[in-house]
>>> print(open('model_10.txt').read())   # compact mmCIF, C-alpha atoms
# COMPACT_ATOMS: atom_id res chain seq x y z
CA MET A 1 -28.62 1.87 -52.57
CA SER A 2 -31.21 1.44 -55.23
CA GLU A 3 -33.57 3.77 -53.37
CA GLU A 4 -31.29 6.71 -54.09
CA ALA A 5 -31.00 6.07 -57.81
CA PRO A 6 -33.31 8.06 -60.04
CA PRO A 7 -36.02 5.93 -61.64
CA SER A 8 -34.23 4.50 -64.64
CA THR A 9 -36.83 2.34 -66.29
CA ARG A 10 -40.34 3.20 -67.35
CA ALA A 11 -43.10 0.63 -67.59
CA SER A 12 -42.24 -2.15 -69.99
CA PRO A 13 -43.56 -1.85 -73.57
CA ASP A 14 -46.47 -4.22 -72.92
CA GLY A 15 -47.59 -1.85 -70.16
CA GLY A 16 -47.01 -4.49 -67.49
CA THR A 17 -45.08 -3.82 -64.33
CA GLU A 18 -44.45 -7.47 -63.36
CA HIS A 19 -40.78 -7.54 -64.31
CA ARG A 20 -39.72 -4.30 -62.71
CA ASP A 21 -38.14 -3.83 -59.31
CA VAL A 22 -40.77 -3.05 -56.70
CA ASN A 23 -38.69 -0.16 -55.37
CA ASP A 24 -38.47 1.52 -58.79
CA VAL A 25 -42.20 0.97 -59.35
CA VAL A 26 -43.25 2.70 -56.14
CA VAL A 27 -40.86 5.63 -56.66
CA ASP A 28 -42.31 6.20 -60.15
CA GLU A 29 -45.83 5.99 -58.75
CA TRP A 30 -44.99 8.48 -56.01
CA ILE A 31 -43.48 10.97 -58.47
CA GLU A 32 -46.51 10.63 -60.73
CA GLU A 33 -49.04 11.20 -57.94
CA THR A 34 -47.33 14.10 -56.16
CA THR A 35 -45.89 17.53 -56.89
CA PRO A 36 -42.27 18.39 -56.03
CA PHE A 37 -43.57 20.56 -53.16
CA GLU A 38 -45.67 17.71 -51.74
CA ARG A 39 -42.64 15.42 -51.76
CA VAL A 40 -40.38 17.98 -50.05
CA TYR A 41 -43.11 18.61 -47.48
CA GLU A 42 -43.55 14.87 -46.89
CA ILE A 43 -39.82 14.34 -46.29
CA ILE A 44 -39.35 17.35 -44.01
CA GLY A 45 -42.57 16.41 -42.19
CA ARG A 46 -40.82 13.30 -40.87
CA THR A 47 -37.38 14.84 -40.38
CA TYR A 48 -36.62 15.21 -36.69
CA ASP A 49 -32.83 15.10 -37.08
CA PRO A 50 -31.55 18.16 -38.98
CA MET A 51 -30.68 17.37 -42.63
CA SER A 52 -29.13 19.33 -45.50
CA ALA A 53 -31.19 20.59 -48.44
CA ALA A 54 -29.12 18.34 -50.72
CA ARG A 55 -30.15 15.22 -48.81
CA ILE A 56 -33.77 16.30 -48.64
CA ALA A 57 -33.67 16.93 -52.40
CA ASP A 58 -32.24 13.45 -52.92
CA ARG A 59 -34.96 11.78 -50.90
CA ALA A 60 -37.76 13.91 -52.40
CA ARG A 61 -36.48 13.24 -55.95
CA VAL A 62 -36.27 16.95 -56.75
CA SER A 63 -33.35 19.23 -57.63
CA PRO A 64 -31.45 20.91 -54.76
CA THR A 65 -32.63 24.30 -56.07
CA THR A 66 -36.26 23.21 -55.89
CA ALA A 67 -35.78 21.75 -52.42
CA ARG A 68 -34.17 24.96 -51.14
CA LYS A 69 -36.97 27.11 -52.56
CA HIS A 70 -39.72 25.05 -50.89
CA LEU A 71 -37.76 24.69 -47.64
CA ARG A 72 -37.35 28.47 -47.41
CA ALA A 73 -41.10 28.91 -47.79
CA LEU A 74 -41.73 26.31 -45.09
CA VAL A 75 -39.28 28.06 -42.75
CA ASN A 76 -41.24 31.30 -43.25
CA ALA A 77 -44.47 29.45 -42.51
CA GLY A 78 -43.07 28.13 -39.22
CA GLU A 79 -43.23 24.50 -40.41
CA VAL A 80 -39.46 24.07 -40.52
CA THR A 81 -36.53 25.33 -38.43
CA THR A 82 -32.91 25.67 -39.46
CA SER A 83 -29.53 25.23 -37.83
CA GLN A 84 -25.99 25.66 -39.11
CA ASP A 85 -23.34 23.00 -39.58
CA GLY A 86 -20.38 25.13 -40.64
CA GLN A 87 -21.34 26.51 -44.04
CA THR A 88 -24.26 24.10 -44.48
CA THR A 89 -27.81 24.96 -43.46
CA LEU A 90 -29.66 22.05 -41.92
CA TYR A 91 -33.43 21.74 -41.83
CA CYS A 92 -35.87 19.84 -39.63
CA ARG A 93 -39.55 19.87 -38.70
CA SER A 94 -40.28 22.59 -36.15
CA GLU A 95 -41.58 21.60 -32.74
CA THR A 96 -44.49 23.98 -33.22
CA ALA A 97 -45.48 22.13 -36.38
CA ILE A 98 -45.20 18.75 -34.65
CA ILE A 99 -47.46 19.93 -31.82
CA THR A 100 -49.93 21.58 -34.20
CA GLU A 101 -50.28 18.46 -36.38
CA HIS A 102 -50.74 16.21 -33.36
CA THR A 103 -53.19 18.59 -31.68
CA GLN A 104 -55.37 18.75 -34.78
CA SER A 105 -55.53 14.94 -34.99
CA LEU A 106 -56.42 14.60 -31.32
CA LEU A 107 -59.01 17.38 -31.16
CA ALA A 108 -60.69 16.00 -34.29
CA GLU A 109 -61.14 12.58 -32.73
CA LEU A 110 -61.42 13.14 -28.97
CA THR A 111 -63.16 15.39 -26.46
CA PRO A 112 -61.08 17.35 -23.92
CA GLU A 113 -62.44 15.00 -21.25
CA GLU A 114 -61.17 11.96 -23.17
CA ILE A 115 -57.77 13.58 -23.62
CA ALA A 116 -57.60 14.38 -19.90
CA ALA A 117 -58.52 10.80 -19.01
CA GLY A 118 -55.86 9.52 -21.42
CA ILE A 119 -53.24 11.75 -19.81
CA THR A 120 -54.02 10.24 -16.40
CA GLU A 121 -53.80 6.75 -17.88
CA MET A 122 -50.41 7.42 -19.50
CA LYS A 123 -49.01 8.89 -16.28
CA THR A 124 -50.17 5.81 -14.37
CA LYS A 125 -48.57 3.50 -16.95
CA ILE A 126 -45.23 5.26 -16.67
CA GLN A 127 -45.35 5.20 -12.87
CA ASP A 128 -46.19 1.48 -12.94
CA TRP A 129 -43.17 0.77 -15.15
CA ARG A 130 -40.92 2.81 -12.84
CA ASP A 131 -42.18 0.84 -9.84
CA GLU A 132 -42.05 -2.56 -11.50
CA TYR A 133 -38.52 -2.23 -12.91
CA ASP A 134 -37.19 0.18 -10.28
CA VAL A 135 -35.80 2.60 -12.89
CA GLU A 136 -36.63 6.22 -13.69
CA SER A 137 -36.52 6.18 -17.49
CA PRO A 138 -36.72 3.80 -20.45
CA GLU A 139 -33.05 4.54 -21.15
CA GLU A 140 -32.12 3.34 -17.67
CA LEU A 141 -34.28 0.28 -18.27
CA ALA A 142 -32.38 -0.44 -21.49
CA ARG A 143 -29.06 -0.32 -19.64
CA GLU A 144 -30.38 -2.50 -16.82
CA LEU A 145 -31.92 -5.17 -19.03
CA ASP A 146 -29.14 -5.15 -21.65
CA ILE A 147 -31.72 -5.43 -24.44
CA GLU A 148 -30.31 -7.30 -27.41
CA ASP A 149 -33.14 -7.23 -29.92
CA ALA A 150 -35.96 -4.78 -30.65
CA ASP A 151 -38.11 -7.85 -31.42
CA SER A 152 -37.83 -9.12 -27.84
CA ASP A 153 -40.37 -8.47 -25.07
CA ALA A 154 -37.92 -6.10 -23.40
CA GLY A 155 -37.42 -4.28 -26.70
CA ALA A 156 -41.19 -3.90 -27.04
CA LEU A 157 -41.45 -2.51 -23.49
CA LEU A 158 -38.69 0.01 -24.22
CA ARG A 159 -40.52 1.14 -27.36
CA GLU A 160 -43.85 1.42 -25.55
CA TRP A 161 -42.37 3.44 -22.71
CA GLN A 162 -40.58 5.87 -25.04
CA THR A 163 -43.75 6.20 -27.12
CA THR A 164 -45.97 6.81 -24.10
CA ARG A 165 -43.61 9.46 -22.75
CA ARG A 166 -43.76 11.37 -26.06
CA ASN A 167 -47.53 11.00 -26.46
CA LEU A 168 -48.08 12.21 -22.89
CA ALA A 169 -46.17 15.42 -23.64
CA LEU A 170 -48.10 15.90 -26.91
CA ALA A 171 -51.49 15.22 -25.26
CA GLN A 172 -50.76 17.78 -22.55
CA ALA A 173 -49.90 20.37 -25.20
CA ALA A 174 -53.05 19.47 -27.17
CA LEU A 175 -55.26 19.86 -24.11
CA ALA A 176 -53.79 23.30 -23.34
CA ILE A 177 -54.25 24.45 -26.95
CA GLY A 178 -57.80 23.10 -27.01
CA GLU A 179 -58.56 25.03 -23.83
CA ALA A 180 -57.11 28.26 -25.24
CA ARG A 181 -59.17 27.84 -28.41
CA ARG A 182 -62.42 27.30 -26.55
CA THR A 183 -62.03 30.51 -24.59
CA GLY A 184 -61.70 32.32 -27.92
CA HIS A 185 -58.88 34.45 -26.58
CA LEU A 186 -56.43 33.31 -29.25
CA THR A 187 -58.34 35.08 -32.01
CA GLY A 188 -60.24 37.63 -29.94
CA THR A 189 -63.59 36.10 -30.85
CA ASP A 190 -64.92 35.65 -27.33
CA MET A 191 -68.50 34.50 -27.24
CA ASP A 192 -69.12 36.13 -23.86
CA ASP A 193 -68.54 39.79 -23.18
CA ASP A 194 -67.77 39.27 -19.52
CA GLY A 195 -64.59 37.41 -20.38
CA ASN A 196 -65.80 34.41 -18.46
CA SER A 197 -66.96 31.94 -21.08
CA ASP A 198 -67.13 28.92 -18.81
CA SER A 199 -70.75 28.37 -19.79
CA SER A 200 -69.80 27.83 -23.45
CA ILE A 201 -66.97 25.38 -22.78
CA VAL A 202 -69.06 22.27 -22.30
CA VAL A 203 -71.24 21.76 -25.31
CA MET B 1 -26.94 10.90 -54.99
CA THR B 2 -24.68 9.07 -52.59
CA ASP B 3 -24.78 11.01 -49.34
CA ALA B 4 -28.10 9.58 -48.19
CA GLY B 5 -26.76 6.10 -48.80
CA ASP B 6 -23.65 6.87 -46.82
CA ASP B 7 -25.75 8.12 -43.97
CA ASP B 8 -27.76 4.94 -44.07
CA ARG B 9 -24.64 2.85 -43.71
CA SER B 10 -23.44 4.93 -40.78
CA ARG B 11 -26.83 4.42 -39.16
CA ASP B 12 -26.39 0.70 -39.62
CA SER B 13 -23.22 0.75 -37.56
CA GLN B 14 -24.52 2.30 -34.38
CA PRO B 15 -22.76 1.92 -31.06
CA ALA B 16 -23.49 -1.43 -29.45
CA ASP B 17 -25.63 0.01 -26.67
CA GLN B 18 -27.99 1.50 -29.26
CA SER B 19 -28.32 -1.64 -31.36
CA GLU B 20 -31.55 -2.79 -29.74
CA VAL B 21 -33.48 0.46 -30.08
CA PHE B 22 -36.56 0.59 -32.31
CA GLY B 23 -37.46 4.15 -31.28
CA PRO B 24 -40.72 5.78 -30.19
CA ILE B 25 -43.74 5.31 -32.46
CA ASP B 26 -44.54 8.23 -34.79
CA ALA B 27 -48.31 8.74 -34.47
CA GLY B 28 -48.37 11.14 -37.43
CA ALA B 29 -46.65 8.62 -39.67
CA LEU B 30 -49.15 5.92 -38.64
CA ARG B 31 -52.02 8.23 -39.68
CA GLU B 32 -50.32 8.95 -43.01
CA ILE B 33 -49.80 5.21 -43.62
CA ARG B 34 -53.41 4.48 -42.61
CA ASP B 35 -54.73 6.95 -45.21
CA LEU B 36 -52.48 5.48 -47.91
CA PHE B 37 -53.74 1.95 -47.24
CA VAL B 38 -57.36 3.13 -47.43
CA ASP B 39 -56.75 5.08 -50.65
CA HIS B 40 -54.72 2.40 -52.44
CA GLU B 41 -56.12 -1.00 -51.44
CA PRO B 42 -59.78 -1.85 -52.23
CA LEU B 43 -59.72 -4.92 -49.93
CA VAL B 44 -59.16 -2.75 -46.82
CA GLU B 45 -62.14 -3.17 -44.49
CA THR B 46 -60.91 -1.08 -41.57
CA ALA B 47 -57.65 0.69 -40.80
CA SER B 48 -57.33 1.97 -37.25
CA LEU B 49 -54.86 2.93 -34.53
CA ASP B 50 -55.06 0.81 -31.39
CA ASP B 51 -55.28 3.96 -29.23
CA PRO B 52 -55.80 7.42 -30.77
CA LEU B 53 -53.98 9.14 -27.90
CA ASN B 54 -51.07 6.76 -27.47
CA PRO B 55 -50.91 4.57 -30.58
CA GLN B 56 -48.43 1.72 -30.80
CA THR B 57 -49.86 -0.11 -33.81
CA LEU B 58 -51.92 0.56 -36.92
CA SER B 59 -54.08 -2.44 -37.81
CA ILE B 60 -55.43 -2.93 -41.32
CA GLU B 61 -58.17 -5.55 -41.68
CA LEU B 62 -58.43 -7.06 -45.17
CA SER B 63 -61.61 -8.70 -46.45
CA ASP B 64 -59.62 -11.50 -48.12
CA GLY B 65 -56.28 -13.24 -47.62
CA VAL B 66 -53.62 -15.03 -49.64
CA GLY B 67 -54.81 -18.32 -51.16
CA ALA B 68 -57.05 -20.31 -48.82
CA ALA B 69 -57.29 -17.48 -46.28
CA SER B 70 -60.56 -15.57 -46.25
CA THR B 71 -59.47 -12.70 -44.01
CA ALA B 72 -56.12 -11.15 -43.16
CA ARG B 73 -54.63 -8.33 -41.15
CA ILE B 74 -51.52 -6.19 -41.53
CA ASP B 75 -50.16 -4.56 -38.35
CA VAL B 76 -47.81 -1.63 -38.91
CA ARG B 77 -45.44 0.17 -36.56
CA TRP B 78 -43.35 3.20 -37.59
CA SER B 79 -40.85 5.03 -35.41
CA LEU B 80 -39.60 8.62 -35.32
CA THR B 81 -36.26 7.27 -36.51
CA GLY B 82 -37.80 5.66 -39.61
CA ASN B 83 -37.71 2.11 -38.26
CA TYR B 84 -40.72 -0.03 -39.04
CA ALA B 85 -42.39 -3.43 -38.78
CA ALA B 86 -45.23 -4.59 -41.05
CA HIS B 87 -46.70 -7.89 -39.93
CA TYR B 88 -49.12 -9.90 -42.11
CA THR B 89 -51.26 -12.55 -40.45
CA ASP B 90 -54.31 -14.44 -41.79
CA ASP B 91 -57.06 -16.78 -40.62
CA GLN B 92 -54.95 -19.76 -41.73
CA GLY B 93 -52.38 -18.76 -39.10
CA ARG B 94 -49.77 -17.73 -41.64
CA ASP B 95 -47.44 -14.82 -40.95
CA PHE B 96 -44.70 -12.80 -42.58
CA ARG B 97 -43.04 -9.48 -41.69
CA PHE B 98 -41.15 -6.78 -43.51
CA ASP B 99 -38.99 -5.05 -40.87
CA CYS B 100 -36.46 -2.25 -40.70
CA HIS B 101 -34.68 -1.79 -37.39
CA PRO B 102 -31.34 -2.72 -35.89
CA LYS B 103 -31.22 -6.46 -35.19
CA PRO B 104 -28.13 -8.32 -34.01
CA ASP B 105 -26.55 -10.50 -36.72
CA ALA B 106 -29.18 -9.47 -39.28
CA PRO B 107 -29.47 -6.79 -41.96
CA LYS B 108 -31.28 -3.67 -40.78
CA ARG B 109 -33.91 -4.20 -43.50
CA HIS B 110 -35.00 -7.82 -43.06
CA PHE B 111 -37.84 -10.20 -43.81
CA HIS B 112 -39.37 -12.77 -41.47
CA PRO B 113 -40.58 -15.41 -43.95
CA PRO B 114 -43.90 -17.29 -44.04
CA PRO B 115 -45.49 -19.47 -42.84
CA ASN B 116 -44.70 -18.36 -39.28
CA ALA B 117 -42.33 -15.37 -39.48
CA PRO B 118 -39.76 -16.73 -37.01
CA SER B 119 -37.60 -14.29 -35.07
CA ARG B 120 -34.58 -16.08 -36.60
CA PRO B 121 -33.34 -16.72 -39.18
CA VAL B 122 -34.38 -13.72 -41.25
CA GLU B 123 -33.67 -12.83 -44.89
CA PRO B 124 -32.61 -9.49 -46.37
CA SER B 125 -35.75 -7.52 -47.27
CA CYS B 126 -36.51 -6.76 -50.91
CA ILE B 127 -37.87 -3.36 -49.81
CA THR B 128 -35.05 -0.82 -49.95
CA VAL B 129 -37.01 2.45 -50.24
CA ARG B 130 -37.14 4.47 -47.06
CA GLU B 131 -39.97 7.04 -46.94
CA ALA B 132 -43.17 6.02 -45.16
CA SER B 133 -45.30 6.47 -48.27
CA LEU B 134 -42.86 4.47 -50.43
CA VAL B 135 -42.51 1.62 -47.94
CA THR B 136 -46.31 1.50 -47.62
CA ARG B 137 -46.71 1.27 -51.40
CA ALA B 138 -44.04 -1.43 -51.57
CA ILE B 139 -45.75 -3.50 -48.85
CA LEU B 140 -49.07 -3.13 -50.69
CA GLN B 141 -47.38 -4.18 -53.92
CA ARG B 142 -45.88 -7.33 -52.34
CA TRP B 143 -49.19 -8.22 -50.65
CA ARG B 144 -51.02 -7.73 -53.97
CA TYR B 145 -48.49 -9.96 -55.71
CA ALA B 146 -49.05 -12.80 -53.21
CA TYR B 147 -52.81 -12.26 -53.26
CA THR B 148 -53.07 -12.31 -57.05
CA HIS B 149 -50.83 -15.37 -57.40
CA GLU B 150 -52.43 -17.09 -54.37
CA THR B 151 -49.02 -18.02 -52.97
CA PHE B 152 -46.35 -16.65 -50.65
CA GLU B 153 -43.72 -17.96 -53.06
CA GLY B 154 -41.59 -15.02 -54.21
CA ILE B 155 -43.19 -12.49 -51.88
CA ASN B 156 -39.77 -11.19 -50.84
CA ASN B 157 -38.48 -10.88 -54.41
CA ALA B 158 -38.11 -7.28 -55.50
CA GLU B 159 -38.20 -8.42 -59.11
CA ASN B 160 -41.21 -10.60 -59.70
CA PRO B 161 -40.77 -13.71 -61.81
CA PRO B 162 -42.86 -13.57 -65.02
>>> encode(input="model_10.txt", output="C-alpha cells")
Amino acid sequence: MSEEAPPSTRASPDGGTEHRDVNDVVVDEWIEETTPFERVYEIIGRTYDPMSAARIADRARVSPTTARKHLRALVNAGEVTTSQDGQTTLYCRSETAIITEHTQSLLAELTPEEIAAGITEMKTKIQDWRDEYDVESPEELARELDIEDADSDAGALLREWQTTRRNLALAQAALAIGEARRTGHLTGTDMDDDGNSDSSIVV
Amino acid sequence: MTDAGDDDRSRDSQPADQSEVFGPIDAGALREIRDLFVDHEPLVETASLDDPLNPQTLSIELSDGVGAASTARIDVRWSLTGNYAAHYTDDQGRDFRFDCHPKPDAPKRHFHPPPNAPSRPVEPSCITVREASLVTRAILQRWRYAYTHETFEGINNAENPP
C-alpha cells in the first residue's frame, strides 16, 4: 500500500510536482503543514474502532514513541479512551469528545428551537421508514432487501437511516447540554439569584 | 509499516452480508473536509452541508469547471468507517466519482469515469491515501489537474503525464 510508505521522493529538481504520485504529494504537503501532534489528533479524532499506538503512528506519519506520548496526553484530557487487547493498549475517540465536538458545531449554527424542531423531524423520518418497510431498524431492512451495492437506492436508504439515527442521538445530547449551559448551573455562574433563570433563557 | 495495510485488506474481505454497507455519515468529517476545500481551493464559491443537523452530503460549488464548463459542483460523503464518495458534476452534464466503499466485483477504492460516471464498469482509483484530509487534498489535486489541462484525460492517473 503506497499510502503506508514514508514519503520517499521530494519535489523534482525543477521544483515541479507534475511527475510525482498524487498520494506522495499530498502526504508531503500534510506533513509540511501540520505538527506531529496535529496529525495524531486528526487520526484519533476519526478513530471509532480501537486501534494500537503503532497503527496510529503509522497513519499519522510519526514515530510510535511520539504517538504514545500524545495519545497519553489526550487520554488525560478526556479526548481518548483506552482498552486492552492482551498486552496491547488500544485507543479510540471518547464518546464524550464525540458529543462535545458535535454539540459545539450545532450550538454555533442553530438555536435550541431549531434543534428541537430537527429532532422531531428526524423521529418522524425514522417512524415513516419503519412503517413503509415494516422493519424496526436499518439492519433489519438490509437483511430484508438483500442490498447488493452501496450505490443502489436501497444502499442509499440504509445509509440515510443509519445516519439519521446517529444524528438524532447527537442532537438530543446537544439540546440537553445547551439547556444545562443556559441555566449556568454547570459553572455556577447563574445570572439569577433565585435559581429560576427562565427569563434569561430566551434571548 | 505493514500492519495498517494488512488491516485494510482484511476490511476488503468482509462477510458477504456486510458487503453493501457504506456506513453512517460522519458529520464532523464533512465539516473538516468543508474547511479544507475552502482553505485550499480559490475557485470554491460555497461549501455547505445539506442539513446542519442531519447532514448526508457536503456540496462544494465551484465558480468554473473543466474545459467548456463554466460552473461545477463536487458532492462529498464520508462515513464513520472511512468510506467515501466524491462526485464531480458540471453544467455540461459531465460526471466522475472517486469512491471508497465495498462494491461487488469492484475494488474497494474505485473510480466512476467521465463523461457520465456509470455505476458499472468502474476502474481502480488512483487515490490510495486514507485519511479524510489526505483524500480531500488528492481530490483537489486531481480536479486541479483536469481544470488546468482543460480535459478529463488522465484524471484518474496517480502519476501525471508530463
>>> closest_residue(input="model_10.txt", among="B:Asn156, B:Thr71, B:Thr81, B:Ser59", to="His110 of chain B", atoms="all atoms listed in the file")
B:Asn156
>>> residues_around(input="model_10.txt", residues="Gln84 of chain A", least_positions_apart="6", cutoff="12 Å", atoms="all atoms listed in the file", output="PyMOL selection string")
chain A and resi 50-53+90-92
>>> residues_around(input="model_10.txt", residues="Arg72 of chain A", least_positions_apart="6", cutoff="12 Å", atoms="all atoms listed in the file", output="list in words")
Phe37, Val40, Tyr41, Ile44, Ala53, Thr65, Thr66, Gly78, Glu79, Val80, Thr81, Thr82, Thr89, Leu90, Tyr91 and Cys92 of chain A
>>> atom_distance(input="model_10.txt", atom1="atom CA of Ala108 of chain A", atom2="atom CA of Pro55 of chain B")
15.5 Å
>>> atom_distance(input="model_10.txt", atom1="atom CA of Val129 of chain B", atom2="atom CA of Glu29 of chain A")
12.8 Å
>>> residues_around(input="model_10.txt", residues="Leu140 of chain B", least_positions_apart="5", cutoff="9 Å", atoms="only C-alpha atoms", output="ChimeraX atom specification")
/B:37,40-41,135,145
>>> write_last_selection(input="model_10.txt", atoms="C-alpha atoms", output="compact mmCIF listing (two decimals), keeping the file's coordinate frame")
# COMPACT_ATOMS: atom_id res chain seq x y z
CA PHE B 37 -53.74 1.95 -47.24
CA HIS B 40 -54.72 2.40 -52.44
CA GLU B 41 -56.12 -1.00 -51.44
CA VAL B 135 -42.51 1.62 -47.94
CA TYR B 145 -48.49 -9.96 -55.71
>>> residues_around(input="model_10.txt", residues="Thr148 of chain B", least_positions_apart="6", cutoff="12 Å", atoms="all atoms listed in the file", output="list in words")
Glu18 of chain A; Asp64, Gly65, Val66, Gly67, Leu140, Gln141, Arg142 and Ile155 of chain B
>>> write_last_selection(input="model_10.txt", atoms="C-alpha atoms", output="PDB file, in the coordinates of the input")
ATOM      1  CA  GLU A  18     -44.450  -7.470 -63.360  1.00  0.00           C
TER       2      GLU A  18
ATOM      3  CA  ASP B  64     -59.620 -11.500 -48.120  1.00  0.00           C
ATOM      4  CA  GLY B  65     -56.280 -13.240 -47.620  1.00  0.00           C
ATOM      5  CA  VAL B  66     -53.620 -15.030 -49.640  1.00  0.00           C
ATOM      6  CA  GLY B  67     -54.810 -18.320 -51.160  1.00  0.00           C
ATOM      7  CA  LEU B 140     -49.070  -3.130 -50.690  1.00  0.00           C
ATOM      8  CA  GLN B 141     -47.380  -4.180 -53.920  1.00  0.00           C
ATOM      9  CA  ARG B 142     -45.880  -7.330 -52.340  1.00  0.00           C
ATOM     10  CA  ILE B 155     -43.190 -12.490 -51.880  1.00  0.00           C
TER      11      ILE B 155
END
>>> closest_residue(input="model_10.txt", among="A:Thr111, A:Thr189, A:Thr103, A:Gln162", to="chain B", atoms="all atoms listed in the file")
A:Gln162
>>> residues_around(input="model_10.txt", residues="Ala72 of chain B", least_positions_apart="2", cutoff="10 Å", atoms="all atoms listed in the file", output="list in words")
Leu43, Val44, Ile60, Glu61, Leu62, Ser63, Asp64, Gly65, Val66, Ala69, Ser70, Ile74, Tyr88, Thr89, Asp90, Asp91, Gln92, Gly93, Arg94 and Asp95 of chain B
>>> atom_distance(input="model_10.txt", atom1="atom CA of Asp26 of chain B", atom2="atom CA of Leu58 of chain B")
10.9 Å
>>> closest_residue(input="model_10.txt", among="B:Ile33, B:Ala146, B:Val21, B:Ala85", to="chain A", atoms="only C-alpha atoms")
B:Val21
>>> closest_residue(input="model_10.txt", among="B:Thr151, B:Gln56, B:Ser48, B:Asn116", to="chain A", atoms="only C-alpha atoms")
B:Gln56
>>> closest_residue(input="model_10.txt", among="B:Asn54, B:Ala68, B:Trp143, B:Ile127", to="Phe96 of chain B", atoms="only C-alpha atoms")
B:Trp143
